[in-house]
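First comes the structure, then the notes that go with it.
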Amino acid sequence: QVQLVESGGGSVQPGGSLRLSCVASGIAFAQYAMIWYRQAPGQERESVASITSFGPIKYADSVKGRFTISRDNAKSTGYLQMNDLKPEDTAVYYCNVLDLTRSYWGQGTQVTVSS
């Protein structure tokens, strides 16, 4: 059974940092790409950052220079380091692990940025 378990969300003040983790089980994690998405209330889910199975990385313009996506294939874990957080980063963050034919989602973790 495939599971993706996210953690690391919480409430921080503007300018603060959080690191999200996504631990995968039941799949050969190293063979999958990973995408972090977020969804704010009343808005569509949007891609924040992605990393392929062999490393190329992309970021949404809104988080470039502030967020860093990474992965540790030995631990079957992906990360999203979020620095200089802004109120507009408030959302539920989801990890998505996928290859050409399969796609799996985590349950989401809430990130709230507020003073």
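Within each chain, counting starts at residue 1; across the structure tokens, chains are named A, B, ... in the order shown, with ligands numbered 1 upward in that order.
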
Q.
as a list in words, please: every residue in stretch 43-99 of chain A that DSSP puts in helix (DSSP H, G or I).
A.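 The helix (DSSP H, G or I) residues within stretch 43-99 of chain A come out as Asn73, Ala74, Lys75, Pro87, Glu88 and Asp89 of chain A.
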
Q) Hey, what's within 10 Å of A:Ala91 if we count only C-alpha atoms and toss same-chain stuff fewer than 2 positions away? As number ranges by chain, please? A) A: 9, 37-41, 43, 45, 87-89, 93-94, 108-113

What would the file look like if the residues just selected were written as a CSV table (one decimal), in the first residue's frame with N, CA and C atoms?
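What ended up in result.csv:
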chain,number,residue,atom,x,y,z
A,9,GLY,N,4.2,21.3,8.9
A,9,GLY,CA,3.4,22.5,8.8
A,9,GLY,C,3.2,23.2,10.2
A,37,TYR,N,2.5,21.0,-4.0
A,37,TYR,CA,1.4,21.9,-4.3
A,37,TYR,C,0.9,22.6,-3.1
A,38,ARG,N,0.2,23.7,-3.3
A,38,ARG,CA,-0.5,24.3,-2.2
A,38,ARG,C,-1.9,24.8,-2.7
A,39,GLN,N,-2.8,24.9,-1.7
A,39,GLN,CA,-4.1,25.3,-2.0
A,39,GLN,C,-4.6,26.2,-0.9
A,40,ALA,N,-4.9,27.4,-1.2
A,40,ALA,CA,-5.4,28.4,-0.3
A,40,ALA,C,-6.9,28.4,-0.3
A,41,PRO,N,-7.6,28.8,0.7
A,41,PRO,CA,-9.1,28.8,0.7
A,41,PRO,C,-9.6,29.6,-0.4
A,43,GLN,N,-9.2,29.1,-3.5
A,43,GLN,CA,-8.3,29.2,-4.7
A,43,GLN,C,-8.0,27.8,-5.2
A,45,ARG,N,-5.6,24.7,-6.6
A,45,ARG,CA,-4.4,24.1,-6.2
A,45,ARG,C,-3.3,24.5,-7.2
A,87,PRO,N,2.4,36.2,4.3
A,87,PRO,CA,1.0,35.8,4.6
A,87,PRO,C,0.3,35.1,3.4
A,88,GLU,N,0.8,35.5,2.2
A,88,GLU,CA,0.2,34.9,1.0
A,88,GLU,C,0.7,33.4,0.8
A,89,ASP,N,1.6,33.0,1.6
A,89,ASP,CA,2.0,31.6,1.5
A,89,ASP,C,1.1,30.7,2.3
A,93,TYR,N,-0.5,22.5,2.1
A,93,TYR,CA,0.6,22.1,1.2
A,93,TYR,C,0.5,20.6,1.1
A,94,TYR,N,0.6,20.1,-0.2
A,94,TYR,CA,0.5,18.7,-0.5
A,94,TYR,C,1.7,18.2,-1.3
A,108,GLY,N,-1.9,16.4,3.1
A,108,GLY,CA,-1.8,17.8,3.2
A,108,GLY,C,-1.4,18.2,4.6
A,109,THR,N,-0.7,19.3,4.7
A,109,THR,CA,-0.3,19.9,6.0
A,109,THR,C,-0.5,21.4,5.9
A,110,GLN,N,-1.1,22.0,6.9
A,110,GLN,CA,-1.5,23.4,6.9
A,110,GLN,C,-0.3,24.3,7.3
A,111,VAL,N,-0.1,25.3,6.5
A,111,VAL,CA,0.9,26.3,6.8
A,111,VAL,C,0.1,27.7,6.9
A,112,THR,N,0.3,28.3,8.1
A,112,THR,CA,-0.3,29.6,8.3
A,112,THR,C,0.7,30.6,8.6
A,113,VAL,N,0.7,31.7,7.9
A,113,VAL,CA,1.7,32.8,8.1
A,113,VAL,C,0.9,34.0,8.5

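Using only C-alpha atoms, the contacts of A:Ala24 at a cut-off of 12 Å, with sequence neighbours closer than 6 positions omitted, comprise Gln1, Val2, Gln3, Leu4, Val5, Glu6, Ser7, Ala30, Gln31, Tyr32, Ala33, Met34, Arg71, Asp72, Asn73, Ala74, Lys75, Ser76, Thr77, Gly78, Tyr79, Cys95, Asn96, Val97, Leu98, Tyr104, Trp105, Gly106 and Gln107 of chain A.
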
Those residues with N, CA and C atoms, as a PDB file, in the first residue's frame please?
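out-v6.pdb was written with the following content:
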ATOM      1  N   GLN A   1       0.843  -1.198   0.000  1.00  0.00           N
ATOM      2  CA  GLN A   1       0.000   0.000   0.000  1.00  0.00           C
ATOM      3  C   GLN A   1       0.877   1.247   0.000  1.00  0.00           C
ATOM      4  N   VAL A   2       0.579   2.163  -0.897  1.00  0.00           N
ATOM      5  CA  VAL A   2       1.365   3.380  -1.017  1.00  0.00           C
ATOM      6  C   VAL A   2       0.865   4.408  -0.008  1.00  0.00           C
ATOM      7  N   GLN A   3       1.805   5.021   0.683  1.00  0.00           N
ATOM      8  CA  GLN A   3       1.467   6.098   1.608  1.00  0.00           C
ATOM      9  C   GLN A   3       2.437   7.242   1.465  1.00  0.00           C
ATOM     10  N   LEU A   4       1.922   8.448   1.500  1.00  0.00           N
ATOM     11  CA  LEU A   4       2.731   9.651   1.574  1.00  0.00           C
ATOM     12  C   LEU A   4       2.284  10.393   2.830  1.00  0.00           C
ATOM     13  N   VAL A   5       3.209  10.620   3.731  1.00  0.00           N
ATOM     14  CA  VAL A   5       2.880  11.273   4.994  1.00  0.00           C
ATOM     15  C   VAL A   5       3.653  12.580   5.085  1.00  0.00           C
ATOM     16  N   GLU A   6       2.905  13.674   5.126  1.00  0.00           N
ATOM     17  CA  GLU A   6       3.513  14.994   5.217  1.00  0.00           C
ATOM     18  C   GLU A   6       3.549  15.451   6.667  1.00  0.00           C
ATOM     19  N   SER A   7       4.527  16.261   6.964  1.00  0.00           N
ATOM     20  CA  SER A   7       4.637  16.854   8.289  1.00  0.00           C
ATOM     21  C   SER A   7       5.425  18.157   8.183  1.00  0.00           C
ATOM     22  N   ALA A  30      12.823   6.679  -5.376  1.00  0.00           N
ATOM     23  CA  ALA A  30      13.868   7.261  -6.219  1.00  0.00           C
ATOM     24  C   ALA A  30      13.463   7.327  -7.693  1.00  0.00           C
ATOM     25  N   GLN A  31      12.510   6.518  -8.089  1.00  0.00           N
ATOM     26  CA  GLN A  31      12.110   6.466  -9.489  1.00  0.00           C
ATOM     27  C   GLN A  31      10.992   7.450  -9.826  1.00  0.00           C
ATOM     28  N   TYR A  32      10.554   8.205  -8.843  1.00  0.00           N
ATOM     29  CA  TYR A  32       9.423   9.101  -9.035  1.00  0.00           C
ATOM     30  C   TYR A  32       9.846  10.565  -8.957  1.00  0.00           C
ATOM     31  N   ALA A  33       9.162  11.376  -9.732  1.00  0.00           N
ATOM     32  CA  ALA A  33       9.272  12.817  -9.537  1.00  0.00           C
ATOM     33  C   ALA A  33       8.410  13.222  -8.347  1.00  0.00           C
ATOM     34  N   MET A  34       8.702  14.379  -7.810  1.00  0.00           N
ATOM     35  CA  MET A  34       7.926  14.886  -6.679  1.00  0.00           C
ATOM     36  C   MET A  34       7.573  16.349  -6.920  1.00  0.00           C
ATOM     37  N   ARG A  71      15.366  16.202  -1.981  1.00  0.00           N
ATOM     38  CA  ARG A  71      14.935  14.845  -1.737  1.00  0.00           C
ATOM     39  C   ARG A  71      16.096  14.024  -1.223  1.00  0.00           C
ATOM     40  N   ASP A  72      15.784  13.040  -0.388  1.00  0.00           N
ATOM     41  CA  ASP A  72      16.756  12.068   0.097  1.00  0.00           C
ATOM     42  C   ASP A  72      16.197  10.701  -0.277  1.00  0.00           C
ATOM     43  N   ASN A  73      16.669  10.175  -1.373  1.00  0.00           N
ATOM     44  CA  ASN A  73      16.105   8.925  -1.873  1.00  0.00           C
ATOM     45  C   ASN A  73      16.377   7.761  -0.920  1.00  0.00           C
ATOM     46  N   ALA A  74      17.480   7.815  -0.207  1.00  0.00           N
ATOM     47  CA  ALA A  74      17.790   6.741   0.745  1.00  0.00           C
ATOM     48  C   ALA A  74      16.762   6.683   1.867  1.00  0.00           C
ATOM     49  N   LYS A  75      16.158   7.825   2.178  1.00  0.00           N
ATOM     50  CA  LYS A  75      15.137   7.889   3.233  1.00  0.00           C
ATOM     51  C   LYS A  75      13.722   7.926   2.665  1.00  0.00           C
ATOM     52  N   SER A  76      13.610   7.861   1.335  1.00  0.00           N
ATOM     53  CA  SER A  76      12.292   7.960   0.676  1.00  0.00           C
ATOM     54  C   SER A  76      11.534   9.190   1.148  1.00  0.00           C
ATOM     55  N   THR A  77      12.236  10.285   1.232  1.00  0.00           N
ATOM     56  CA  THR A  77      11.673  11.508   1.793  1.00  0.00           C
ATOM     57  C   THR A  77      11.968  12.700   0.901  1.00  0.00           C
ATOM     58  N   GLY A  78      10.963  13.535   0.744  1.00  0.00           N
ATOM     59  CA  GLY A  78      11.133  14.802   0.061  1.00  0.00           C
ATOM     60  C   GLY A  78      10.916  15.938   1.037  1.00  0.00           C
ATOM     61  N   TYR A  79      11.508  17.079   0.722  1.00  0.00           N
ATOM     62  CA  TYR A  79      11.454  18.224   1.624  1.00  0.00           C
ATOM     63  C   TYR A  79      11.087  19.486   0.855  1.00  0.00           C
ATOM     64  N   CYS A  95       2.159  17.035  -0.993  1.00  0.00           N
ATOM     65  CA  CYS A  95       3.181  16.445  -1.854  1.00  0.00           C
ATOM     66  C   CYS A  95       2.510  15.461  -2.811  1.00  0.00           C
ATOM     67  N   ASN A  96       3.033  15.434  -4.003  1.00  0.00           N
ATOM     68  CA  ASN A  96       2.548  14.570  -5.075  1.00  0.00           C
ATOM     69  C   ASN A  96       3.754  13.845  -5.642  1.00  0.00           C
ATOM     70  N   VAL A  97       3.691  12.548  -5.668  1.00  0.00           N
ATOM     71  CA  VAL A  97       4.777  11.732  -6.201  1.00  0.00           C
ATOM     72  C   VAL A  97       4.236  10.997  -7.422  1.00  0.00           C
ATOM     73  N   LEU A  98       4.949  11.073  -8.522  1.00  0.00           N
ATOM     74  CA  LEU A  98       4.386  10.531  -9.756  1.00  0.00           C
ATOM     75  C   LEU A  98       5.453  10.054 -10.718  1.00  0.00           C
ATOM     76  N   TYR A 104       0.479   9.761  -6.757  1.00  0.00           N
ATOM     77  CA  TYR A 104       0.052   9.573  -5.375  1.00  0.00           C
ATOM     78  C   TYR A 104       0.124  10.910  -4.639  1.00  0.00           C
ATOM     79  N   TRP A 105      -0.815  11.093  -3.706  1.00  0.00           N
ATOM     80  CA  TRP A 105      -0.909  12.344  -2.967  1.00  0.00           C
ATOM     81  C   TRP A 105      -0.834  12.100  -1.468  1.00  0.00           C
ATOM     82  N   GLY A 106      -0.230  13.054  -0.785  1.00  0.00           N
ATOM     83  CA  GLY A 106      -0.284  13.069   0.658  1.00  0.00           C
ATOM     84  C   GLY A 106      -1.573  13.705   1.138  1.00  0.00           C
ATOM     85  N   GLN A 107      -1.731  13.727   2.446  1.00  0.00           N
ATOM     86  CA  GLN A 107      -2.981  14.207   3.037  1.00  0.00           C
ATOM     87  C   GLN A 107      -2.995  15.735   3.212  1.00  0.00           C
TER      88      GLN A 107
END

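Of note, atom CA of A:Ile35 and atom CA of A:Gly15 are spaced 23.6 Å apart.
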
What parts of stretch 25-114 of chain A does DSSP call strand (DSSP E or B)? I'd like the answer as a tab-separated table (two decimals) with N, CA and C atoms, in the first residue's frame.
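Wrote out38.tsv, looks like this:
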chain	number	residue	atom	x	y	z
A	25	SER	N	6.15	5.54	1.38
A	25	SER	CA	6.31	4.11	1.61
A	25	SER	C	5.48	3.35	0.59
A	33	ALA	N	9.16	11.38	-9.73
A	33	ALA	CA	9.27	12.82	-9.54
A	33	ALA	C	8.41	13.22	-8.35
A	34	MET	N	8.70	14.38	-7.81
A	34	MET	CA	7.93	14.89	-6.68
A	34	MET	C	7.57	16.35	-6.92
A	35	ILE	N	6.35	16.68	-6.62
A	35	ILE	CA	5.87	18.05	-6.75
A	35	ILE	C	5.21	18.45	-5.43
A	36	TRP	N	5.53	19.65	-4.97
A	36	TRP	CA	4.80	20.24	-3.86
A	36	TRP	C	3.75	21.19	-4.43
A	37	TYR	N	2.53	21.03	-3.98
A	37	TYR	CA	1.43	21.91	-4.34
A	37	TYR	C	0.94	22.62	-3.09
A	38	ARG	N	0.19	23.66	-3.31
A	38	ARG	CA	-0.51	24.30	-2.21
A	38	ARG	C	-1.88	24.77	-2.68
A	39	GLN	N	-2.78	24.85	-1.71
A	39	GLN	CA	-4.13	25.32	-2.01
A	39	GLN	C	-4.61	26.20	-0.87
A	46	GLU	N	-2.15	24.95	-6.69
A	46	GLU	CA	-1.08	25.39	-7.58
A	46	GLU	C	0.22	24.67	-7.25
A	47	SER	N	1.01	24.47	-8.30
A	47	SER	CA	2.32	23.86	-8.13
A	47	SER	C	3.29	24.88	-7.56
A	48	VAL	N	4.04	24.48	-6.56
A	48	VAL	CA	5.00	25.36	-5.91
A	48	VAL	C	6.43	25.04	-6.35
A	49	ALA	N	6.76	23.76	-6.35
A	49	ALA	CA	8.12	23.35	-6.69
A	49	ALA	C	8.09	21.89	-7.12
A	50	SER	N	9.01	21.52	-7.99
A	50	SER	CA	9.07	20.14	-8.46
A	50	SER	C	10.52	19.71	-8.60
A	51	ILE	N	10.72	18.41	-8.45
A	51	ILE	CA	12.04	17.83	-8.62
A	51	ILE	C	11.85	16.46	-9.26
A	57	ILE	N	15.08	20.78	-11.13
A	57	ILE	CA	14.17	21.45	-10.21
A	57	ILE	C	13.53	22.65	-10.87
A	58	LYS	N	12.27	22.87	-10.54
A	58	LYS	CA	11.56	24.07	-10.98
A	58	LYS	C	10.80	24.67	-9.80
A	59	TYR	N	10.64	25.99	-9.85
A	59	TYR	CA	9.89	26.71	-8.82
A	59	TYR	C	8.88	27.63	-9.45
A	67	PHE	N	11.98	29.38	-1.32
A	67	PHE	CA	11.71	27.96	-1.07
A	67	PHE	C	12.77	27.11	-1.74
A	68	THR	N	13.08	25.97	-1.13
A	68	THR	CA	14.02	25.02	-1.69
A	68	THR	C	13.44	23.62	-1.58
A	69	ILE	N	13.34	22.96	-2.72
A	69	ILE	CA	12.87	21.58	-2.74
A	69	ILE	C	14.09	20.66	-2.79
A	70	SER	N	13.99	19.54	-2.09
A	70	SER	CA	15.09	18.58	-2.11
A	70	SER	C	14.52	17.19	-1.82
A	71	ARG	N	15.37	16.20	-1.98
A	71	ARG	CA	14.93	14.84	-1.74
A	71	ARG	C	16.10	14.02	-1.22
A	72	ASP	N	15.78	13.04	-0.39
A	72	ASP	CA	16.76	12.07	0.10
A	72	ASP	C	16.20	10.70	-0.28
A	77	THR	N	12.24	10.29	1.23
A	77	THR	CA	11.67	11.51	1.79
A	77	THR	C	11.97	12.70	0.90
A	78	GLY	N	10.96	13.53	0.74
A	78	GLY	CA	11.13	14.80	0.06
A	78	GLY	C	10.92	15.94	1.04
A	79	TYR	N	11.51	17.08	0.72
A	79	TYR	CA	11.45	18.22	1.62
A	79	TYR	C	11.09	19.49	0.86
A	80	LEU	N	10.51	20.42	1.59
A	80	LEU	CA	10.32	21.76	1.08
A	80	LEU	C	10.72	22.73	2.19
A	81	GLN	N	11.88	23.33	2.03
A	81	GLN	CA	12.36	24.33	2.97
A	81	GLN	C	11.76	25.67	2.56
A	82	MET	N	11.06	26.29	3.48
A	82	MET	CA	10.37	27.55	3.17
A	82	MET	C	10.91	28.64	4.09
A	91	ALA	N	-1.61	28.30	3.23
A	91	ALA	CA	-2.32	27.32	2.40
A	91	ALA	C	-2.13	25.93	3.02
A	92	VAL	N	-2.85	24.97	2.48
A	92	VAL	CA	-2.56	23.57	2.75
A	92	VAL	C	-1.58	23.11	1.69
A	93	TYR	N	-0.49	22.52	2.13
A	93	TYR	CA	0.56	22.07	1.23
A	93	TYR	C	0.48	20.55	1.07
A	94	TYR	N	0.58	20.11	-0.18
A	94	TYR	CA	0.47	18.69	-0.51
A	94	TYR	C	1.71	18.23	-1.26
A	95	CYS	N	2.16	17.04	-0.99
A	95	CYS	CA	3.18	16.45	-1.85
A	95	CYS	C	2.51	15.46	-2.81
A	96	ASN	N	3.03	15.43	-4.00
A	96	ASN	CA	2.55	14.57	-5.07
A	96	ASN	C	3.75	13.85	-5.64
A	97	VAL	N	3.69	12.55	-5.67
A	97	VAL	CA	4.78	11.73	-6.20
A	97	VAL	C	4.24	11.00	-7.42
A	98	LEU	N	4.95	11.07	-8.52
A	98	LEU	CA	4.39	10.53	-9.76
A	98	LEU	C	5.45	10.05	-10.72
A	103	SER	N	0.24	8.28	-9.88
A	103	SER	CA	0.32	9.54	-9.14
A	103	SER	C	-0.26	9.32	-7.76
A	104	TYR	N	0.48	9.76	-6.76
A	104	TYR	CA	0.05	9.57	-5.38
A	104	TYR	C	0.12	10.91	-4.64
A	105	TRP	N	-0.82	11.09	-3.71
A	105	TRP	CA	-0.91	12.34	-2.97
A	105	TRP	C	-0.83	12.10	-1.47
A	109	THR	N	-0.67	19.34	4.67
A	109	THR	CA	-0.28	19.92	5.95
A	109	THR	C	-0.51	21.43	5.89
A	110	GLN	N	-1.10	21.97	6.94
A	110	GLN	CA	-1.48	23.38	6.95
A	110	GLN	C	-0.29	24.26	7.29
A	111	VAL	N	-0.11	25.29	6.51
A	111	VAL	CA	0.88	26.33	6.80
A	111	VAL	C	0.14	27.66	6.92
A	112	THR	N	0.31	28.31	8.06
A	112	THR	CA	-0.34	29.59	8.30
A	112	THR	C	0.72	30.62	8.65
A	113	VAL	N	0.72	31.71	7.89
A	113	VAL	CA	1.67	32.79	8.11
A	113	VAL	C	0.89	34.03	8.51

Q: Grab the atom CA of A:Ser114 to atom CA of A:Val23 distance for me, in Å with one decimal place.
A: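 One can read the atom CA of A:Ser114 to atom CA of A:Val23 distance as 27.1 Å.
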